[in-house]
Structure formats: C-alpha cells, structure tokens
>>> print(open('entry-v1.cif').read())   # mmCIF, C-alpha atoms
data_start
#
loop_
_atom_site.label_atom_id
_atom_site.label_comp_id
_atom_site.auth_asym_id
_atom_site.auth_seq_id
_atom_site.Cartn_x
_atom_site.Cartn_y
_atom_site.Cartn_z
CA MET C 1 109.79 89.73 105.32
CA HIS C 2 113.14 90.05 103.53
CA GLU C 3 111.52 92.13 100.75
CA PHE C 4 110.76 94.74 103.42
CA ALA C 5 114.26 95.00 104.86
CA GLU C 6 114.26 98.80 104.48
CA PHE C 7 110.82 99.05 106.11
CA ARG C 8 111.83 96.88 109.06
CA GLN C 9 114.99 98.92 109.55
CA LYS C 10 112.99 102.15 109.63
CA VAL C 11 110.58 100.65 112.16
CA SER C 12 113.56 99.52 114.27
CA ASP C 13 114.97 103.05 114.11
CA TRP C 14 111.56 104.34 115.20
CA GLU C 15 111.56 101.86 118.11
CA GLU C 16 114.84 103.32 119.31
CA GLU C 17 113.39 106.84 119.17
CA CYS C 18 110.23 105.75 121.03
CA SER C 19 111.22 103.71 124.07
CA ASP C 20 107.55 102.80 124.72
CA HIS C 21 107.26 100.83 121.49
CA LYS C 22 109.64 97.89 121.58
CA ASN C 23 109.25 94.79 119.36
CA ALA C 24 107.04 96.69 116.90
CA ALA C 25 108.98 95.36 113.89
CA GLU C 26 108.38 91.76 114.91
CA GLU C 27 104.70 92.36 115.59
CA LEU C 28 104.26 93.99 112.18
CA HIS C 29 106.07 91.09 110.53
CA GLN C 30 103.59 88.68 112.12
CA ARG C 31 100.70 90.80 110.84
CA PHE C 32 102.16 90.71 107.35
CA GLU C 33 102.48 86.92 107.40
CA LEU C 34 98.91 86.55 108.67
CA LEU C 35 97.71 88.98 106.02
CA LYS C 36 99.28 86.85 103.29
CA GLU C 37 97.58 83.79 104.73
CA VAL C 38 94.16 85.47 104.88
CA MET C 39 94.67 86.84 101.35
CA SER C 40 94.73 83.30 100.00
CA GLU C 41 91.19 82.71 101.28
CA SER C 42 88.88 85.40 99.90
CA LEU C 43 88.33 89.15 99.58
CA PRO C 44 85.64 89.19 102.32
CA ALA C 45 88.04 87.34 104.63
CA VAL C 46 90.67 90.04 104.12
CA GLU C 47 88.11 92.81 104.69
CA LYS C 48 87.00 91.14 107.92
CA TYR C 49 90.59 90.78 109.10
CA VAL C 50 91.36 94.45 108.40
CA GLU C 51 88.20 95.46 110.29
CA SER C 52 89.31 93.42 113.31
CA VAL C 53 92.73 95.10 113.35
CA GLU C 54 92.04 98.68 112.17
CA THR C 55 88.35 99.65 112.27
CA ARG C 56 88.99 103.19 110.98
CA VAL C 57 90.94 101.87 107.98
CA SER C 58 88.14 99.40 107.23
CA LYS C 59 85.44 102.10 107.28
CA HIS C 60 87.57 104.37 105.09
CA GLN C 61 88.15 101.64 102.51
CA LYS C 62 84.43 100.87 102.24
CA LYS C 63 83.51 104.53 101.66
CA VAL C 64 86.32 105.01 99.15
CA ALA C 65 85.15 101.91 97.28
CA GLU C 66 81.65 103.38 96.94
CA ILE C 67 83.00 106.68 95.58
CA SER C 68 85.44 104.92 93.24
CA GLU C 69 82.74 102.70 91.75
CA THR C 70 80.48 105.70 91.17
CA LEU C 71 83.28 107.59 89.40
CA ALA C 72 84.23 104.55 87.33
CA GLU C 73 80.65 104.18 86.17
CA TYR C 74 80.35 107.87 85.34
CA LEU C 75 83.64 107.84 83.40
CA GLU C 76 82.52 104.71 81.53
CA LEU C 77 85.47 102.49 82.32
CA SER C 78 85.51 99.02 80.80
CA LEU C 79 84.14 96.11 82.83
CA ARG C 80 87.68 94.82 83.39
CA GLN C 81 88.80 98.20 84.73
CA LYS C 82 85.74 98.49 86.96
CA LEU C 83 86.31 95.07 88.50
CA ALA C 84 89.99 95.77 89.13
CA LEU C 85 89.19 99.15 90.68
CA ARG C 86 86.46 97.67 92.86
CA ALA C 87 88.88 95.12 94.33
CA ALA C 88 91.68 97.65 94.67
CA SER C 89 89.54 100.30 96.36
CA LYS C 90 88.28 97.81 98.93
CA LEU C 91 91.89 96.91 99.79
CA HIS C 92 93.86 100.05 98.97
CA ASP C 93 94.95 100.69 102.57
CA VAL C 94 95.37 97.07 103.62
CA GLY C 95 99.10 97.70 104.03
CA LYS C 96 98.35 100.09 106.89
CA ILE C 97 97.77 97.20 109.26
CA CYS C 98 101.51 96.61 108.98
CA VAL C 99 102.26 100.20 110.03
CA PRO C 100 102.41 100.98 113.77
CA SER C 101 99.01 102.25 114.93
CA GLU C 102 100.81 104.92 116.97
CA ILE C 103 101.90 106.42 113.64
CA LEU C 104 98.58 105.95 111.85
CA ASN C 105 96.59 107.52 114.68
CA LYS C 106 99.09 110.17 115.79
CA PRO C 107 97.16 113.39 116.53
CA GLY C 108 100.08 115.70 115.70
CA SER C 109 102.42 116.00 112.73
CA LEU C 110 104.51 112.98 111.76
CA THR C 111 108.27 113.10 111.94
CA LYS C 112 110.23 112.52 108.73
CA LEU C 113 110.91 108.90 109.77
CA GLU C 114 107.28 108.27 110.71
CA TYR C 115 106.10 109.65 107.36
CA GLU C 116 108.55 107.38 105.51
CA ILE C 117 107.23 104.38 107.45
CA ALA C 118 103.61 105.32 106.69
CA GLN C 119 104.40 105.64 102.97
CA PHE C 120 105.31 101.96 102.82
CA HIS C 121 101.64 100.95 103.17
CA SER C 122 100.96 101.14 99.42
CA TYR C 123 103.95 98.92 98.63
CA ILE C 124 103.04 96.40 101.34
CA GLY C 125 99.47 96.24 100.03
CA TYR C 126 100.80 95.71 96.51
CA LYS C 127 103.11 92.87 97.56
CA VAL C 128 100.32 91.05 99.37
CA ILE C 129 97.63 91.45 96.69
CA SER C 130 99.96 90.69 93.76
CA LYS C 131 100.48 87.17 95.11
CA ILE C 132 97.07 86.34 93.62
CA ARG C 133 97.51 86.08 89.85
CA VAL C 134 94.05 87.37 88.92
CA MET C 135 94.60 90.44 91.10
CA GLU C 136 97.59 91.82 89.16
CA GLU C 137 95.77 94.93 87.90
CA ALA C 138 94.17 95.58 91.28
CA ALA C 139 97.57 95.26 92.94
CA ARG C 140 99.05 97.79 90.53
CA ILE C 141 96.26 100.26 91.36
CA VAL C 142 96.94 99.82 95.08
CA LEU C 143 100.65 100.45 94.52
CA GLN C 144 99.97 103.64 92.56
CA HIS C 145 97.09 105.24 94.45
CA HIS C 146 99.38 107.83 96.07
CA GLU C 147 101.08 108.76 92.79
CA ARG C 148 100.34 112.27 91.52
CA ILE C 149 99.99 113.63 87.98
CA ASP C 150 102.98 115.97 88.39
CA GLY C 151 105.23 113.19 89.69
CA SER C 152 105.21 114.41 93.29
CA GLY C 153 103.58 111.24 94.66
CA TYR C 154 104.99 107.95 95.91
CA PRO C 155 106.36 105.28 95.84
CA LEU C 156 107.57 105.50 92.22
CA GLY C 157 107.11 109.17 91.34
CA LEU C 158 105.06 108.32 88.24
CA LYS C 159 103.61 111.11 86.08
CA GLY C 160 100.50 111.61 83.94
CA ASP C 161 99.26 108.65 81.97
CA LYS C 162 102.05 106.48 83.38
CA ILE C 163 99.67 106.15 86.32
CA ASP C 164 96.94 103.54 85.88
CA MET C 165 93.51 105.12 85.28
CA GLY C 166 92.10 103.13 88.18
CA ALA C 167 94.77 104.60 90.46
CA ARG C 168 93.95 108.12 89.25
CA ILE C 169 90.30 107.57 90.18
CA LEU C 170 91.20 105.98 93.49
CA ALA C 171 93.50 108.90 94.33
CA VAL C 172 90.63 111.38 94.05
CA ALA C 173 88.15 109.14 95.88
CA ASP C 174 90.71 108.57 98.64
CA VAL C 175 91.33 112.30 99.17
CA LEU C 176 87.62 113.10 98.95
CA GLU C 177 86.69 110.61 101.66
CA ALA C 178 89.65 111.43 103.89
CA MET C 179 89.00 115.18 103.82
CA THR C 180 85.30 114.85 104.56
CA SER C 181 85.89 112.46 107.49
CA SER C 182 87.38 113.33 110.85
CA GLN C 183 90.98 112.20 111.26
CA PRO C 184 93.15 111.92 114.40
CA TYR C 185 95.29 114.78 113.06
CA ARG C 186 92.51 117.18 111.94
CA PHE C 187 88.78 117.86 111.76
CA SER C 188 86.77 117.09 108.63
CA HIS C 189 86.04 119.61 105.87
CA ASP C 190 82.66 120.14 104.27
CA ILE C 191 82.17 118.91 100.72
CA LYS C 192 82.40 122.41 99.21
CA LYS C 193 85.84 123.06 100.68
CA THR C 194 86.99 119.57 99.70
CA LEU C 195 85.94 120.08 96.08
CA GLU C 196 87.76 123.41 96.09
CA GLU C 197 90.94 121.63 97.22
CA LEU C 198 90.55 119.06 94.46
CA LEU C 199 90.16 121.89 91.93
CA LYS C 200 93.40 123.45 93.16
CA GLY C 201 95.17 120.18 92.46
CA LYS C 202 93.47 119.56 89.10
CA GLY C 203 96.05 118.77 86.44
CA LYS C 204 98.82 118.99 89.03
CA LYS C 205 98.12 116.33 91.60
CA TYR C 206 94.90 114.87 90.25
CA ASP C 207 93.65 113.77 86.85
CA PRO C 208 91.57 116.60 85.31
CA ASP C 209 88.86 114.29 83.96
CA VAL C 210 88.43 112.58 87.31
CA VAL C 211 88.21 115.89 89.18
CA ASP C 212 85.66 117.23 86.67
CA ALA C 213 83.60 114.04 87.00
CA CYS C 214 83.73 114.29 90.78
CA ILE C 215 82.52 117.90 90.77
CA GLU C 216 79.76 117.16 88.26
CA LEU C 217 78.52 114.26 90.36
CA PHE C 218 78.29 116.37 93.49
CA GLU C 219 77.12 119.67 92.02
CA LYS C 220 74.91 118.52 89.15
CA LYS C 221 73.84 115.02 90.12
CA ASN C 222 73.34 115.79 93.82
CA LEU C 223 75.53 112.92 94.91
CA ASN C 224 76.01 112.72 98.68
CA LEU C 225 78.65 110.98 100.75
#
>>> encode(input="entry-v1.cif", output="structure tokens")
Amino acid sequence: MHEFAEFRQKVSDWEEECSDHKNAAEELHQRFELLKEVMSESLPAVEKYVESVETRVSKHQKKVAEISETLAEYLELSLRQKLALRAASKLHDVGKICVPSEILNKPGSLTKLEYEIAQFHSYIGYKVISKIRVMEEAARIVLQHHERIDGSGYPLGLKGDKIDMGARILAVADVLEAMTSSQPYRFSHDIKKTLEELLKGKGKKYDPDVVDACIELFEKKNLNL
C-alpha cells in the first residue's frame, strides 16, 4: 500500500487520537489488498464483497447507479459514456471500505483529520478500478465524483468542463440519494428540499445542465426515488 503512504499515516495519527482503535491501518491495508483481488474477478463479485463489508455503502451505490443511468439517458450521453458511468456509479464509493467504519458511521461532526481520511475514498476507488484497462474511464469518473464546478471539490480541485461529464452526473445523483436517505449524522430531507439545495448549487457546485435535467425528471416526468 505504498501509494497510500499519506493515507496510512493519517489513519495511524487517528489511531493515536482514538485509543480504542488500534491496528486500523493494517486492517484497512488488508481490505485494500482483498479488494484488488476481488476486482480482478468481476463487477458483481466486487459489489457482493462491498455488500458484505459495508451494507449501507452497497445500498447507496445501487440507488445512485439507478439515478445516474436515468440522468445519462435523459441527457443523451453516448453509449460509451453510459457504460462507463454505469460501472462507475455502481462502484463510486468502493474506496469507503478502506476507511474506518467508525469514521464513516460517526453520528456527530468529523474532526479535520477524520474528514481528510474520509476524502481518500475516491482516490482509493480510482486506484483499484484503474488496474483494469477497460475501466479507465469509469475509474476517472470515480476519482472525480466529488469535484465541484467552482473548483471547491476534491481530490484535484478541478473546475468546469475539466471534470468528466460522467462525474458531473454522478455528483448530482450522489448528493440526491444521500440527502433523501437517512444518514448516521442527520435525518433525510424530502425531495422538494433536496432539489432546492441542488438549485442553490447550480453552476457553482453542480453542472447546470445536470441539475436542470434532475429537476425536470422529478417535477415534469414524475420520477420517484
């Protein structure tokens, strides 16, 4: 796990802060190695593994995939883009199984260090998925799905059309599903309030065309989650 030296160091620092969680870095390293092994088998095998480790992450990915595919169809993406987005959306949070569950499921606010550790999930997912040559575009979407139009996202701080279109769609689908589902750190919002939040971020955090498509699908096409 040499490519994650910074990540392992942050987890080690977290271990020192939380005396109840020793050897977390080594356990996460083992998960990463197993994830790489499973990745060489098939997409369903990876999905099954994620479900066995983090059920909530698995359910979230499946719902986000459904929303992403609907948006991709509505926005008339090419077949190649649709296939890449489908794979990416089903695996976009796969890196979270290498993040301590105590951080992922923490009911209160994360500390600065915990937030930095959690942010690594998109990079970990990218490194795992990119090892399969035909998954290069999907891996790039996974890496970028927390980037924001104004450059305020992570891990690269990309702006505007520097962000892959698939990642821009996935970003909106990800937020939509997360906000309308109960999380350990907050209760869910209704769809109206969620769409209002997306509108506030239109052109700033989220791609305007994707936000417009999302609103049209829910308000005019009666799409339900």
>>> closest_residue(input="entry-v1.cif", among="C:Ala24, C:Ala84, C:Ala72, C:Val38", to="C:Cys214", atoms="all atoms listed in the file")
C:Ala72
>>> atom_distance(input="entry-v1.cif", atom1="atom CA of C:Val172", atom2="atom CA of C:Leu85")
12.8 Å
>>> resolve_selection(input="entry-v1.cif", expression="the PyMOL selection byres ((chain C and resi 101-113) around 12)", output="ChimeraX atom specification")
/C:6-7,9-18,20-21,24,27-28,53-57,93,95-100,114-121,182-187
>>> atom_distance(input="entry-v1.cif", atom1="atom CA of C:Lys205", atom2="atom CA of C:Thr70")
20.6 Å
>>> resolve_selection(input="entry-v1.cif", expression="the PyMOL selection byres ((chain C and resi 147) around 9)", output="PyMOL selection string")
chain C and resi 143-146+148-159+163+167-168+171+205
>>> atom_distance(input="entry-v1.cif", atom1="atom CA of C:Met179", atom2="atom CA of C:Ile191")
8.4 Å
>>> residues_around(input="entry-v1.cif", residues="C:Asp190", least_positions_apart="5", cutoff="9 Å", atoms="only C-alpha atoms", output="ChimeraX atom specification")
/C:179-181,195
>>> closest_residue(input="entry-v1.cif", among="C:Val64, C:Ala138, C:Leu217, C:Val94", to="C:Val175", atoms="all atoms listed in the file")
C:Val64
>>> closest_residue(input="entry-v1.cif", among="C:Val46, C:Lys62, C:Ile67, C:Gln30", to="C:Lys90", atoms="all atoms listed in the file")
C:Lys62
>>> closest_residue(input="entry-v1.cif", among="C:Leu34, C:Ala178, C:Leu75, C:Ala88", to="C:Asp212", atoms="only C-alpha atoms")
C:Leu75
>>> resolve_selection(input="entry-v1.cif", expression="the PyMOL selection byres ((chain C and resi 127) around 10)", output="list of chain:residue names")
C:Glu3, C:Phe4, C:Lys36, C:Gly95, C:His121, C:Ser122, C:Tyr123, C:Ile124, C:Gly125, C:Tyr126, C:Val128, C:Ile129, C:Ser130, C:Lys131, C:Ile132, C:Ala139, C:Arg140, C:Val142, C:Leu143
>>> write_last_selection(input="entry-v1.cif", atoms="C-alpha atoms", output="PDB file, in the frame of the given file")
ATOM      1  CA  GLU C   3     111.520  92.130 100.750  1.00  0.00           C
ATOM      2  CA  PHE C   4     110.760  94.740 103.420  1.00  0.00           C
ATOM      3  CA  LYS C  36      99.280  86.850 103.290  1.00  0.00           C
ATOM      4  CA  GLY C  95      99.100  97.700 104.030  1.00  0.00           C
ATOM      5  CA  HIS C 121     101.640 100.950 103.170  1.00  0.00           C
ATOM      6  CA  SER C 122     100.960 101.140  99.420  1.00  0.00           C
ATOM      7  CA  TYR C 123     103.950  98.920  98.630  1.00  0.00           C
ATOM      8  CA  ILE C 124     103.040  96.400 101.340  1.00  0.00           C
ATOM      9  CA  GLY C 125      99.470  96.240 100.030  1.00  0.00           C
ATOM     10  CA  TYR C 126     100.800  95.710  96.510  1.00  0.00           C
ATOM     11  CA  VAL C 128     100.320  91.050  99.370  1.00  0.00           C
ATOM     12  CA  ILE C 129      97.630  91.450  96.690  1.00  0.00           C
ATOM     13  CA  SER C 130      99.960  90.690  93.760  1.00  0.00           C
ATOM     14  CA  LYS C 131     100.480  87.170  95.110  1.00  0.00           C
ATOM     15  CA  ILE C 132      97.070  86.340  93.620  1.00  0.00           C
ATOM     16  CA  ALA C 139      97.570  95.260  92.940  1.00  0.00           C
ATOM     17  CA  ARG C 140      99.050  97.790  90.530  1.00  0.00           C
ATOM     18  CA  VAL C 142      96.940  99.820  95.080  1.00  0.00           C
ATOM     19  CA  LEU C 143     100.650 100.450  94.520  1.00  0.00           C
TER      20      LEU C 143
END
>>> decode(input="entry-v1.cif", residues="stretch 74-211 of chain C", atoms="C-alpha atoms", output="tab-separated table (two decimals), in the first residue's frame")
chain	number	residue	atom	x	y	z
C	74	TYR	CA	-32.23	11.87	-20.39
C	75	LEU	CA	-29.10	13.88	-21.27
C	76	GLU	CA	-28.47	11.60	-24.27
C	77	LEU	CA	-24.93	10.57	-23.45
C	78	SER	CA	-23.15	8.31	-25.92
C	79	LEU	CA	-23.24	4.55	-25.37
C	80	ARG	CA	-19.58	4.61	-24.31
C	81	GLN	CA	-20.28	7.31	-21.72
C	82	LYS	CA	-23.35	5.48	-20.43
C	83	LEU	CA	-21.44	2.23	-19.96
C	84	ALA	CA	-18.57	3.97	-18.17
C	85	LEU	CA	-20.98	5.85	-15.90
C	86	ARG	CA	-22.94	2.69	-15.13
C	87	ALA	CA	-19.80	0.90	-13.95
C	88	ALA	CA	-18.51	3.95	-12.07
C	89	SER	CA	-21.80	4.65	-10.28
C	90	LYS	CA	-22.03	1.06	-9.08
C	91	LEU	CA	-18.52	1.34	-7.60
C	92	HIS	CA	-18.13	5.04	-6.81
C	93	ASP	CA	-17.84	4.54	-3.05
C	94	VAL	CA	-15.92	1.27	-3.13
C	95	GLY	CA	-12.95	3.05	-1.54
C	96	LYS	CA	-15.01	3.60	1.61
C	97	ILE	CA	-14.44	0.02	2.69
C	98	CYS	CA	-10.84	1.07	3.27
C	99	VAL	CA	-11.93	3.92	5.55
C	100	PRO	CA	-12.54	3.12	9.25
C	101	SER	CA	-16.25	2.40	9.78
C	102	GLU	CA	-16.09	4.49	12.97
C	103	ILE	CA	-15.47	7.49	10.72
C	104	LEU	CA	-18.00	6.55	8.03
C	105	ASN	CA	-20.77	5.96	10.57
C	106	LYS	CA	-19.88	8.67	13.09
C	107	PRO	CA	-23.14	10.31	14.26
C	108	GLY	CA	-21.53	13.68	15.03
C	109	SER	CA	-19.30	16.02	13.06
C	110	LEU	CA	-15.97	14.71	11.79
C	111	THR	CA	-12.72	16.17	13.01
C	112	LYS	CA	-10.38	17.73	10.43
C	113	LEU	CA	-8.24	14.57	10.42
C	114	GLU	CA	-11.26	12.27	10.09
C	115	TYR	CA	-12.58	14.33	7.17
C	116	GLU	CA	-9.19	14.12	5.43
C	117	ILE	CA	-9.19	10.34	5.88
C	118	ALA	CA	-12.73	10.04	4.51
C	119	GLN	CA	-11.79	12.11	1.45
C	120	PHE	CA	-9.29	9.46	0.38
C	121	HIS	CA	-12.11	7.08	-0.61
C	122	SER	CA	-12.41	8.48	-4.14
C	123	TYR	CA	-8.67	8.10	-4.75
C	124	ILE	CA	-8.60	4.57	-3.33
C	125	GLY	CA	-11.54	3.59	-5.54
C	126	TYR	CA	-9.77	5.08	-8.55
C	127	LYS	CA	-6.53	3.18	-7.87
C	128	VAL	CA	-8.35	-0.13	-7.56
C	129	ILE	CA	-10.63	0.26	-10.59
C	130	SER	CA	-7.93	1.70	-12.86
C	131	LYS	CA	-5.99	-1.57	-12.61
C	132	ILE	CA	-8.47	-2.97	-15.15
C	133	ARG	CA	-7.57	-1.50	-18.54
C	134	VAL	CA	-11.12	-1.37	-19.91
C	135	MET	CA	-12.27	0.51	-16.81
C	136	GLU	CA	-10.06	3.58	-17.33
C	137	GLU	CA	-12.95	5.98	-17.99
C	138	ALA	CA	-15.02	4.55	-15.14
C	139	ALA	CA	-12.04	4.91	-12.81
C	140	ARG	CA	-11.64	8.55	-13.80
C	141	ILE	CA	-15.32	9.20	-13.02
C	142	VAL	CA	-14.91	7.59	-9.59
C	143	LEU	CA	-11.85	9.76	-8.90
C	144	GLN	CA	-13.71	12.95	-9.86
C	145	HIS	CA	-17.19	12.42	-8.41
C	146	HIS	CA	-16.51	14.79	-5.50
C	147	GLU	CA	-15.10	17.54	-7.73
C	148	ARG	CA	-17.22	20.68	-7.97
C	149	ILE	CA	-17.79	23.11	-10.85
C	150	ASP	CA	-16.26	26.03	-8.92
C	151	GLY	CA	-13.14	24.05	-8.01
C	152	SER	CA	-14.09	23.61	-4.36
C	153	GLY	CA	-14.22	19.80	-4.57
C	154	TYR	CA	-11.60	17.10	-4.08
C	155	PRO	CA	-9.16	15.43	-4.62
C	156	LEU	CA	-7.82	17.54	-7.52
C	157	GLY	CA	-9.81	20.77	-7.28
C	158	LEU	CA	-10.91	20.53	-10.92
C	159	LYS	CA	-13.24	23.17	-12.39
C	160	GLY	CA	-15.99	23.26	-15.02
C	161	ASP	CA	-15.53	21.11	-18.09
C	162	LYS	CA	-12.23	19.81	-16.73
C	163	ILE	CA	-14.48	17.43	-14.82
C	164	ASP	CA	-15.65	14.40	-16.78
C	165	MET	CA	-19.34	14.64	-17.75
C	166	GLY	CA	-19.98	11.28	-16.13
C	167	ALA	CA	-18.53	12.60	-12.87
C	168	ARG	CA	-20.74	15.70	-13.07
C	169	ILE	CA	-23.80	13.47	-13.39
C	170	LEU	CA	-22.63	11.16	-10.65
C	171	ALA	CA	-22.02	14.13	-8.33
C	172	VAL	CA	-25.65	15.21	-8.58
C	173	ALA	CA	-27.01	11.65	-8.30
C	174	ASP	CA	-24.78	11.05	-5.27
C	175	VAL	CA	-25.99	14.17	-3.45
C	176	LEU	CA	-29.61	13.50	-4.39
C	177	GLU	CA	-29.58	9.99	-2.97
C	178	ALA	CA	-27.57	10.90	0.12
C	179	MET	CA	-29.84	13.79	1.06
C	180	THR	CA	-33.04	11.81	0.63
C	181	SER	CA	-31.74	8.87	2.69
C	182	SER	CA	-31.16	8.80	6.43
C	183	GLN	CA	-27.50	9.08	7.42
C	184	PRO	CA	-25.79	8.41	10.77
C	185	TYR	CA	-25.07	12.14	11.04
C	186	ARG	CA	-28.51	13.53	10.03
C	187	PHE	CA	-32.09	12.74	9.07
C	188	SER	CA	-33.19	12.59	5.44
C	189	HIS	CA	-34.70	15.52	3.53
C	190	ASP	CA	-37.76	15.31	1.33
C	191	ILE	CA	-37.26	15.53	-2.43
C	192	LYS	CA	-38.51	19.13	-2.62
C	193	LYS	CA	-35.92	20.40	-0.15
C	194	THR	CA	-33.21	18.34	-1.83
C	195	LEU	CA	-33.98	19.82	-5.25
C	196	GLU	CA	-33.90	23.28	-3.69
C	197	GLU	CA	-30.40	22.56	-2.37
C	198	LEU	CA	-29.28	21.39	-5.80
C	199	LEU	CA	-30.66	24.61	-7.31
C	200	LYS	CA	-28.64	26.66	-4.82
C	201	GLY	CA	-25.51	24.89	-6.01
C	202	LYS	CA	-26.38	25.08	-9.72
C	203	GLY	CA	-23.46	26.49	-11.69
C	204	LYS	CA	-21.38	26.69	-8.52
C	205	LYS	CA	-21.05	23.18	-7.21
C	206	TYR	CA	-23.09	21.27	-9.77
C	207	ASP	CA	-23.33	21.25	-13.55
C	208	PRO	CA	-26.31	23.42	-14.62
C	209	ASP	CA	-27.50	21.02	-17.31
C	210	VAL	CA	-27.45	18.08	-14.92
C	211	VAL	CA	-29.35	19.99	-12.23
